[in-house]
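Pasted below: start.cif, mmCIF, C-alpha atoms.
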data_data
loop_
_atom_site.label_atom_id
_atom_site.label_comp_id
_atom_site.auth_asym_id
_atom_site.auth_seq_id
_atom_site.Cartn_x
_atom_site.Cartn_y
_atom_site.Cartn_z
CA ASP A 765 0.00 0.00 0.00
CA GLY A 766 1.23 3.50 -0.79
CA GLY A 767 1.51 5.91 2.05
CA ILE A 768 3.58 7.97 4.39
CA THR A 769 5.05 6.38 7.49
CA GLN A 770 6.34 8.01 10.63
CA SER A 771 8.16 6.13 13.30
CA PRO A 772 8.07 5.67 16.17
CA LYS A 773 4.57 6.66 17.27
CA TYR A 774 5.77 7.57 20.78
CA LEU A 775 9.27 8.68 21.69
CA PHE A 776 10.81 9.60 25.01
CA ARG A 777 14.15 11.35 25.40
CA LYS A 778 16.15 12.98 28.14
CA GLU A 779 16.65 16.70 28.05
CA GLY A 780 19.81 17.72 26.20
CA GLN A 781 19.80 14.77 23.82
CA ASN A 782 19.32 15.10 20.08
CA VAL A 783 16.63 12.87 18.62
CA THR A 784 15.78 12.03 14.99
CA LEU A 785 12.23 11.39 13.82
CA SER A 786 11.76 9.23 10.75
CA CYS A 787 9.46 9.98 7.80
CA GLU A 788 9.27 7.77 4.73
CA GLN A 789 6.88 7.92 1.77
CA ASN A 790 6.41 5.58 -1.17
CA LEU A 791 4.04 7.85 -3.06
CA ASN A 792 6.78 9.23 -5.32
CA HIS A 793 5.98 12.74 -4.06
CA ASP A 794 8.43 15.55 -4.67
CA ALA A 795 7.53 17.71 -1.66
CA MET A 796 7.79 16.77 2.00
CA TYR A 797 7.00 18.76 5.13
CA TRP A 798 7.45 18.69 8.89
CA TYR A 799 4.93 20.27 11.26
CA ARG A 800 4.77 20.64 15.00
CA GLN A 801 1.49 20.63 16.93
CA ASP A 802 1.08 21.60 20.58
CA PRO A 803 -2.03 20.72 22.62
CA GLY A 804 -5.07 22.67 21.44
CA GLN A 805 -3.06 24.41 18.75
CA GLY A 806 -2.91 24.30 14.98
CA LEU A 807 -0.01 22.96 12.95
CA ARG A 808 3.15 25.04 12.60
CA LEU A 809 5.55 24.45 9.74
CA ILE A 810 9.12 23.56 10.73
CA TYR A 811 10.82 22.72 7.42
CA TYR A 812 9.78 21.74 3.94
CA SER A 813 11.52 20.34 0.90
CA GLN A 814 10.45 20.48 -2.73
CA ILE A 815 13.29 18.43 -4.17
CA VAL A 816 16.10 16.13 -3.12
CA ASN A 817 19.08 17.89 -1.51
CA ASP A 818 17.09 21.12 -1.03
CA PHE A 819 14.93 22.33 1.83
CA GLN A 820 13.59 25.59 3.26
CA LYS A 821 12.92 26.80 6.77
CA GLY A 822 9.33 27.12 7.83
CA ASP A 823 7.97 29.34 10.57
CA ILE A 824 9.64 27.66 13.56
CA ALA A 825 12.89 26.11 12.27
CA GLU A 826 15.11 27.11 15.21
CA GLY A 827 16.40 24.09 17.10
CA TYR A 828 15.57 21.68 14.29
CA SER A 829 17.49 20.27 11.34
CA VAL A 830 16.52 18.15 8.34
CA SER A 831 18.07 16.36 5.40
CA ARG A 832 16.68 15.20 2.06
CA GLU A 833 19.21 12.78 0.62
CA LYS A 834 16.53 10.57 -0.93
CA LYS A 835 13.19 11.46 -2.45
CA GLU A 836 11.32 9.10 -0.17
CA SER A 837 12.92 10.15 3.12
CA PHE A 838 12.86 13.39 5.11
CA PRO A 839 14.17 12.85 8.67
CA LEU A 840 13.82 15.57 11.30
CA THR A 841 16.38 16.03 14.07
CA VAL A 842 15.24 17.79 17.22
CA THR A 843 18.40 19.23 18.70
CA SER A 844 19.24 20.20 22.26
CA ALA A 845 18.90 23.83 21.14
CA GLN A 846 15.12 23.44 20.84
CA LYS A 847 13.83 25.02 24.04
CA ASN A 848 10.53 23.15 24.30
CA PRO A 849 10.69 20.00 22.18
CA THR A 850 7.79 18.07 23.71
CA ALA A 851 5.08 18.07 21.04
CA PHE A 852 3.24 16.08 18.38
CA TYR A 853 5.24 16.02 15.14
CA LEU A 854 3.58 15.45 11.78
CA CYS A 855 5.21 14.71 8.45
CA ALA A 856 3.46 15.23 5.12
CA SER A 857 4.18 14.81 1.45
CA SER A 858 2.60 16.07 -1.74
CA PRO A 859 3.23 15.94 -5.46
CA LEU A 860 4.05 19.20 -7.20
CA GLY A 861 2.53 20.21 -10.48
CA ARG A 862 0.39 22.75 -12.23
CA ALA A 863 -2.85 20.84 -11.70
CA SER A 864 -4.13 21.96 -8.32
CA ARG A 865 -5.36 18.50 -7.44
CA LEU A 866 -1.75 17.39 -7.41
CA ASN A 867 -1.06 19.64 -4.45
CA GLU A 868 -3.10 17.59 -2.04
CA ALA A 869 -0.92 16.74 0.94
CA PHE A 870 -0.89 13.35 2.64
CA PHE A 871 -0.02 13.19 6.32
CA GLY A 872 1.57 10.53 8.44
CA GLN A 873 0.05 9.49 11.77
CA GLY A 874 2.53 11.54 13.75
CA THR A 875 5.19 11.01 16.41
CA ARG A 876 4.50 12.15 19.94
CA LEU A 877 7.82 13.25 21.43
CA THR A 878 8.18 13.68 25.18
CA VAL A 879 11.38 15.11 26.61
CA VAL A 880 11.91 14.55 30.31
CA ASP B 474 0.11 32.50 1.75
CA ALA B 475 -3.00 34.47 2.69
CA LYS B 476 -4.13 34.32 6.29
CA THR B 477 -7.45 32.73 7.17
CA THR B 478 -9.90 33.33 10.00
CA GLN B 479 -12.20 30.63 11.33
CA PRO B 480 -14.50 30.45 14.36
CA PRO B 481 -12.80 28.48 17.15
CA SER B 482 -15.68 26.06 17.64
CA MET B 483 -19.08 25.02 16.28
CA ASP B 484 -21.74 22.48 17.20
CA CYS B 485 -24.01 20.50 14.92
CA ALA B 486 -26.75 17.91 15.43
CA GLU B 487 -26.22 14.51 13.88
CA GLY B 488 -27.92 14.24 10.48
CA ARG B 489 -28.03 17.99 9.94
CA ALA B 490 -25.81 20.00 7.63
CA ALA B 491 -22.66 21.49 9.14
CA ASN B 492 -21.64 24.81 7.59
CA LEU B 493 -18.11 25.88 8.47
CA PRO B 494 -17.13 29.42 7.46
CA CYS B 495 -13.70 30.77 6.60
CA ASN B 496 -12.59 34.31 5.87
CA HIS B 497 -9.61 34.89 3.58
CA SER B 498 -9.94 38.54 2.63
CA THR B 499 -6.32 38.87 1.45
CA ILE B 500 -6.43 35.94 -0.94
CA SER B 501 -4.66 36.58 -4.23
CA GLY B 502 -5.61 35.44 -7.68
CA ASN B 503 -3.36 32.39 -7.84
CA GLU B 504 -4.27 31.01 -4.42
CA TYR B 505 -6.59 28.09 -3.91
CA VAL B 506 -8.76 27.38 -0.89
CA TYR B 507 -8.11 23.99 0.72
CA TRP B 508 -9.92 22.28 3.57
CA TYR B 509 -8.42 19.60 5.81
CA ARG B 510 -9.68 17.98 8.97
CA GLN B 511 -7.88 16.39 11.87
CA ILE B 512 -9.40 13.81 14.14
CA HIS B 513 -7.83 13.71 17.57
CA SER B 514 -4.17 12.60 17.57
CA GLN B 515 -4.17 11.68 13.88
CA GLY B 516 -2.66 13.35 10.83
CA PRO B 517 -4.85 15.84 8.94
CA GLN B 518 -6.96 14.50 6.09
CA TYR B 519 -7.63 16.34 2.84
CA ILE B 520 -11.31 17.14 2.24
CA ILE B 521 -11.73 19.42 -0.75
CA HIS B 522 -10.28 22.43 -2.51
CA GLY B 523 -11.33 25.08 -5.03
CA LEU B 524 -10.27 28.24 -6.84
CA LYS B 525 -13.45 30.21 -7.59
CA ASN B 526 -16.15 27.75 -8.61
CA ASN B 527 -18.15 25.78 -6.09
CA GLU B 528 -16.92 22.22 -5.68
CA THR B 529 -18.48 18.99 -4.45
CA ASN B 530 -17.05 15.57 -3.76
CA GLU B 531 -18.06 12.52 -1.78
CA MET B 532 -17.12 14.15 1.50
CA ALA B 533 -18.30 17.74 1.29
CA SER B 534 -19.19 20.82 -0.73
CA LEU B 535 -17.20 24.02 -0.94
CA ILE B 536 -18.91 27.33 -1.60
CA ILE B 537 -16.61 30.24 -2.49
CA THR B 538 -18.03 33.77 -2.64
CA GLU B 539 -17.78 35.66 -5.90
CA ASP B 540 -15.13 38.02 -4.52
CA ARG B 541 -13.26 34.96 -3.13
CA LYS B 542 -12.83 36.63 0.25
CA SER B 543 -14.67 33.90 2.11
CA SER B 544 -15.79 30.32 1.73
CA THR B 545 -17.99 27.76 3.46
CA LEU B 546 -17.38 24.06 3.85
CA ILE B 547 -20.62 22.10 3.96
CA LEU B 548 -20.94 18.60 5.39
CA PRO B 549 -24.46 17.78 4.17
CA HIS B 550 -25.39 15.12 6.73
CA ALA B 551 -23.02 15.31 9.68
CA THR B 552 -22.27 12.14 11.64
CA LEU B 553 -20.57 11.63 14.98
CA ARG B 554 -17.42 10.60 13.09
CA ASP B 555 -17.24 14.09 11.58
CA THR B 556 -16.27 15.50 14.98
CA ALA B 557 -12.81 16.94 14.31
CA VAL B 558 -10.80 20.13 13.87
CA TYR B 559 -11.38 21.62 10.43
CA TYR B 560 -8.67 23.74 8.83
CA CYS B 561 -9.15 26.23 6.01
CA ILE B 562 -5.96 27.00 4.11
CA VAL B 563 -5.22 29.22 1.16
CA ARG B 564 -2.11 28.45 -0.81
CA VAL B 565 -0.37 28.94 -4.09
CA ALA B 566 -0.89 25.95 -6.34
CA ALA B 567 2.11 26.52 -8.57
CA GLY B 568 5.02 28.89 -8.95
CA GLY B 569 6.72 31.31 -6.58
CA THR B 570 8.96 30.69 -3.60
CA SER B 571 6.11 29.45 -1.44
CA TYR B 572 5.12 26.86 -4.01
CA GLY B 573 3.70 23.82 -2.28
CA LYS B 574 3.85 25.32 1.20
CA LEU B 575 0.87 24.59 3.47
CA THR B 576 0.27 26.98 6.36
CA PHE B 577 -2.32 25.93 8.95
CA GLY B 578 -4.26 28.28 11.21
CA GLN B 579 -6.09 27.41 14.42
CA GLY B 580 -9.00 25.72 12.72
CA THR B 581 -12.58 25.17 13.90
CA ILE B 582 -13.43 22.43 16.38
CA LEU B 583 -16.65 20.88 15.08
CA THR B 584 -18.58 18.80 17.59
CA VAL B 585 -21.43 16.70 16.23
CA HIS B 586 -24.04 15.80 18.87
CA PRO B 587 -26.38 12.80 18.83
#

Just dump the structure as structure tokens.
Amino acid sequence: DGGITQSPKYLFRKEGQNVTLSCEQNLNHDAMYWYRQDPGQGLRLIYYSQIVNDFQKGDIAEGYSVSREKKESFPLTVTSAQKNPTAFYLCASSPLGRASRLNEAFFGQGTRLTVV
Amino acid sequence: DAKTTQPPSMDCAEGRAANLPCNHSTISGNEYVYWYRQIHSQGPQYIIHGLKNNETNEMASLIITEDRKSSTLILPHATLRDTAVYYCIVRVAAGGTSYGKLTFGQGTILTVHP
């Protein structure tokens, strides 16, 4: 089945440790995104990538890093510089093209990160 | 991307139509209106999108005003499973530096009652 997979679903880390969240898609989508969601809040864009080996900062990129070495993978590293890393993290992917229907984004089921 | 304004919450009786409004007064000519919904602790799900014509699919209908400054998502026969946060997003479909970027606002919490 085609889809977008995030792992793990729950993740616990000690304060001061870097942690990498996985996101893989087999939909052959060009664009991938990382969002953060805090309780009762909307989604905030961390980073996005439209093509392999290229990515742009979103609205809250500080304390995060990404890589896009393969089309199907877009891992997010939460570094120790992120002041409040405990949150629900969502990855998404979408095709890019002139037809607007192609811009529909597909989301993973999220990773809930808790830093203690 | 243009900013959107939605009411924070709405209620609807099961079986009735749910009409969710969205204001996007600064929308530009090449921006589409997209609707997503998020059921608790899951990833958002695409519902529908449109440019200026009204749209309908198996999930919902989208009514966009003639000046494109606002839109309404209609769930014609709401069920308990439609209880979710609904997000209205306007975004560029192609071209420009923000190409492909999705920016979410606070959304509307829709609660469907029995």

From the set A:Arg800, A:Arg808, A:Lys847, A:Arg777, which residue has the shortest atom-to-atom contact distance to chain B, counting only C-alpha atoms? A:Arg808

Identify, on the basis of all atoms listed in the file, every residue whose closest approach to Ile810 of chain A does not exceed 10 Å; exclude the query and any residue fewer than 4 positions from it along the same chain; express the result as a list in words.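 Near neighbours after the sequence-gap exclusion: Tyr797, Trp798, Tyr799, Arg800, Gln820, Lys821, Gly822, Asp823, Ile824, Ala825, Glu826, Gly827, Tyr828, Ser829, Val830, Leu840, Tyr853, Leu854 and Cys855 of chain A.
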
Selected by the PyMOL selection byres ((chain A) within 12 of (chain B)) in the shown coordinates: which residues, as a PyMOL selection string? chain A and resi 768-770+773-774+793-815+819-824+851-876

Write to file, as a PDB file, in the coordinates of the input, the residues of the selection just made, with C-alpha atoms.
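Below is the file that was written, result_8.pdb:
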ATOM      1  CA  ILE A 768       3.580   7.970   4.390  1.00  0.00           C
ATOM      2  CA  THR A 769       5.050   6.380   7.490  1.00  0.00           C
ATOM      3  CA  GLN A 770       6.340   8.010  10.630  1.00  0.00           C
ATOM      4  CA  LYS A 773       4.570   6.660  17.270  1.00  0.00           C
ATOM      5  CA  TYR A 774       5.770   7.570  20.780  1.00  0.00           C
ATOM      6  CA  HIS A 793       5.980  12.740  -4.060  1.00  0.00           C
ATOM      7  CA  ASP A 794       8.430  15.550  -4.670  1.00  0.00           C
ATOM      8  CA  ALA A 795       7.530  17.710  -1.660  1.00  0.00           C
ATOM      9  CA  MET A 796       7.790  16.770   2.000  1.00  0.00           C
ATOM     10  CA  TYR A 797       7.000  18.760   5.130  1.00  0.00           C
ATOM     11  CA  TRP A 798       7.450  18.690   8.890  1.00  0.00           C
ATOM     12  CA  TYR A 799       4.930  20.270  11.260  1.00  0.00           C
ATOM     13  CA  ARG A 800       4.770  20.640  15.000  1.00  0.00           C
ATOM     14  CA  GLN A 801       1.490  20.630  16.930  1.00  0.00           C
ATOM     15  CA  ASP A 802       1.080  21.600  20.580  1.00  0.00           C
ATOM     16  CA  PRO A 803      -2.030  20.720  22.620  1.00  0.00           C
ATOM     17  CA  GLY A 804      -5.070  22.670  21.440  1.00  0.00           C
ATOM     18  CA  GLN A 805      -3.060  24.410  18.750  1.00  0.00           C
ATOM     19  CA  GLY A 806      -2.910  24.300  14.980  1.00  0.00           C
ATOM     20  CA  LEU A 807      -0.010  22.960  12.950  1.00  0.00           C
ATOM     21  CA  ARG A 808       3.150  25.040  12.600  1.00  0.00           C
ATOM     22  CA  LEU A 809       5.550  24.450   9.740  1.00  0.00           C
ATOM     23  CA  ILE A 810       9.120  23.560  10.730  1.00  0.00           C
ATOM     24  CA  TYR A 811      10.820  22.720   7.420  1.00  0.00           C
ATOM     25  CA  TYR A 812       9.780  21.740   3.940  1.00  0.00           C
ATOM     26  CA  SER A 813      11.520  20.340   0.900  1.00  0.00           C
ATOM     27  CA  GLN A 814      10.450  20.480  -2.730  1.00  0.00           C
ATOM     28  CA  ILE A 815      13.290  18.430  -4.170  1.00  0.00           C
ATOM     29  CA  PHE A 819      14.930  22.330   1.830  1.00  0.00           C
ATOM     30  CA  GLN A 820      13.590  25.590   3.260  1.00  0.00           C
ATOM     31  CA  LYS A 821      12.920  26.800   6.770  1.00  0.00           C
ATOM     32  CA  GLY A 822       9.330  27.120   7.830  1.00  0.00           C
ATOM     33  CA  ASP A 823       7.970  29.340  10.570  1.00  0.00           C
ATOM     34  CA  ILE A 824       9.640  27.660  13.560  1.00  0.00           C
ATOM     35  CA  ALA A 851       5.080  18.070  21.040  1.00  0.00           C
ATOM     36  CA  PHE A 852       3.240  16.080  18.380  1.00  0.00           C
ATOM     37  CA  TYR A 853       5.240  16.020  15.140  1.00  0.00           C
ATOM     38  CA  LEU A 854       3.580  15.450  11.780  1.00  0.00           C
ATOM     39  CA  CYS A 855       5.210  14.710   8.450  1.00  0.00           C
ATOM     40  CA  ALA A 856       3.460  15.230   5.120  1.00  0.00           C
ATOM     41  CA  SER A 857       4.180  14.810   1.450  1.00  0.00           C
ATOM     42  CA  SER A 858       2.600  16.070  -1.740  1.00  0.00           C
ATOM     43  CA  PRO A 859       3.230  15.940  -5.460  1.00  0.00           C
ATOM     44  CA  LEU A 860       4.050  19.200  -7.200  1.00  0.00           C
ATOM     45  CA  GLY A 861       2.530  20.210 -10.480  1.00  0.00           C
ATOM     46  CA  ARG A 862       0.390  22.750 -12.230  1.00  0.00           C
ATOM     47  CA  ALA A 863      -2.850  20.840 -11.700  1.00  0.00           C
ATOM     48  CA  SER A 864      -4.130  21.960  -8.320  1.00  0.00           C
ATOM     49  CA  ARG A 865      -5.360  18.500  -7.440  1.00  0.00           C
ATOM     50  CA  LEU A 866      -1.750  17.390  -7.410  1.00  0.00           C
ATOM     51  CA  ASN A 867      -1.060  19.640  -4.450  1.00  0.00           C
ATOM     52  CA  GLU A 868      -3.100  17.590  -2.040  1.00  0.00           C
ATOM     53  CA  ALA A 869      -0.920  16.740   0.940  1.00  0.00           C
ATOM     54  CA  PHE A 870      -0.890  13.350   2.640  1.00  0.00           C
ATOM     55  CA  PHE A 871      -0.020  13.190   6.320  1.00  0.00           C
ATOM     56  CA  GLY A 872       1.570  10.530   8.440  1.00  0.00           C
ATOM     57  CA  GLN A 873       0.050   9.490  11.770  1.00  0.00           C
ATOM     58  CA  GLY A 874       2.530  11.540  13.750  1.00  0.00           C
ATOM     59  CA  THR A 875       5.190  11.010  16.410  1.00  0.00           C
ATOM     60  CA  ARG A 876       4.500  12.150  19.940  1.00  0.00           C
TER      61      ARG A 876
END

Check what the PyMOL selection byres ((chain B and resi 525) around 10) selects in the file above and give those residues as a PyMOL selection string. chain B and resi 502+504-506+522-524+526-528+535-541+544

May I have a table of the residues of segment 508-585 of chain B lying at most 7 Å from segment 486-494 of chain B, giving each one's closest pair of atoms and their distance in Å to one decimal, counting only C-alpha atoms, ordered by chain and ascending residue number, as CSV?
residue,atom,partner,partner_atom,distance
B:Ser544,CA,B:Pro494,CA,6.0
B:Thr545,CA,B:Pro494,CA,4.4
B:Leu546,CA,B:Leu493,CA,5.0
B:Ile547,CA,B:Asn492,CA,4.6
B:Leu548,CA,B:Ala491,CA,5.0
B:Pro549,CA,B:Ala490,CA,4.3
B:His550,CA,B:Gly488,CA,4.6
B:Ala551,CA,B:Gly488,CA,5.1
B:Thr552,CA,B:Glu487,CA,5.1
B:Leu553,CA,B:Glu487,CA,6.4
B:Val585,CA,B:Ala486,CA,5.5

Name the residues in contact with Asn848 of chain A at a cut-off of 10 Å, using all atoms listed in the file, excluding same-chain residues fewer than 6 positions from it; report them as a list in words.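 Everything that qualifies: Glu779, Gly827, Thr878 and Val879 of chain A.
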
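In terms of minimum interatomic distance to Cys495 of chain B, B:Ile562 ranks closest within B:Ile562, B:Ala557, B:Met532, B:Ile512, counting all atoms listed in the file.
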
So what do you get for atom CA of Thr584 of chain B versus atom CA of Thr556 of chain B, distance-wise?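 Those two atoms sit 4.8 Å apart.
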
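Put simply, atom CA of Ile500 of chain B is 26.2 Å away from atom CA of Glu531 of chain B.
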
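Picture a line from atom CA of Asn496 of chain B to atom CA of Thr477 of chain B; it runs 5.5 Å.
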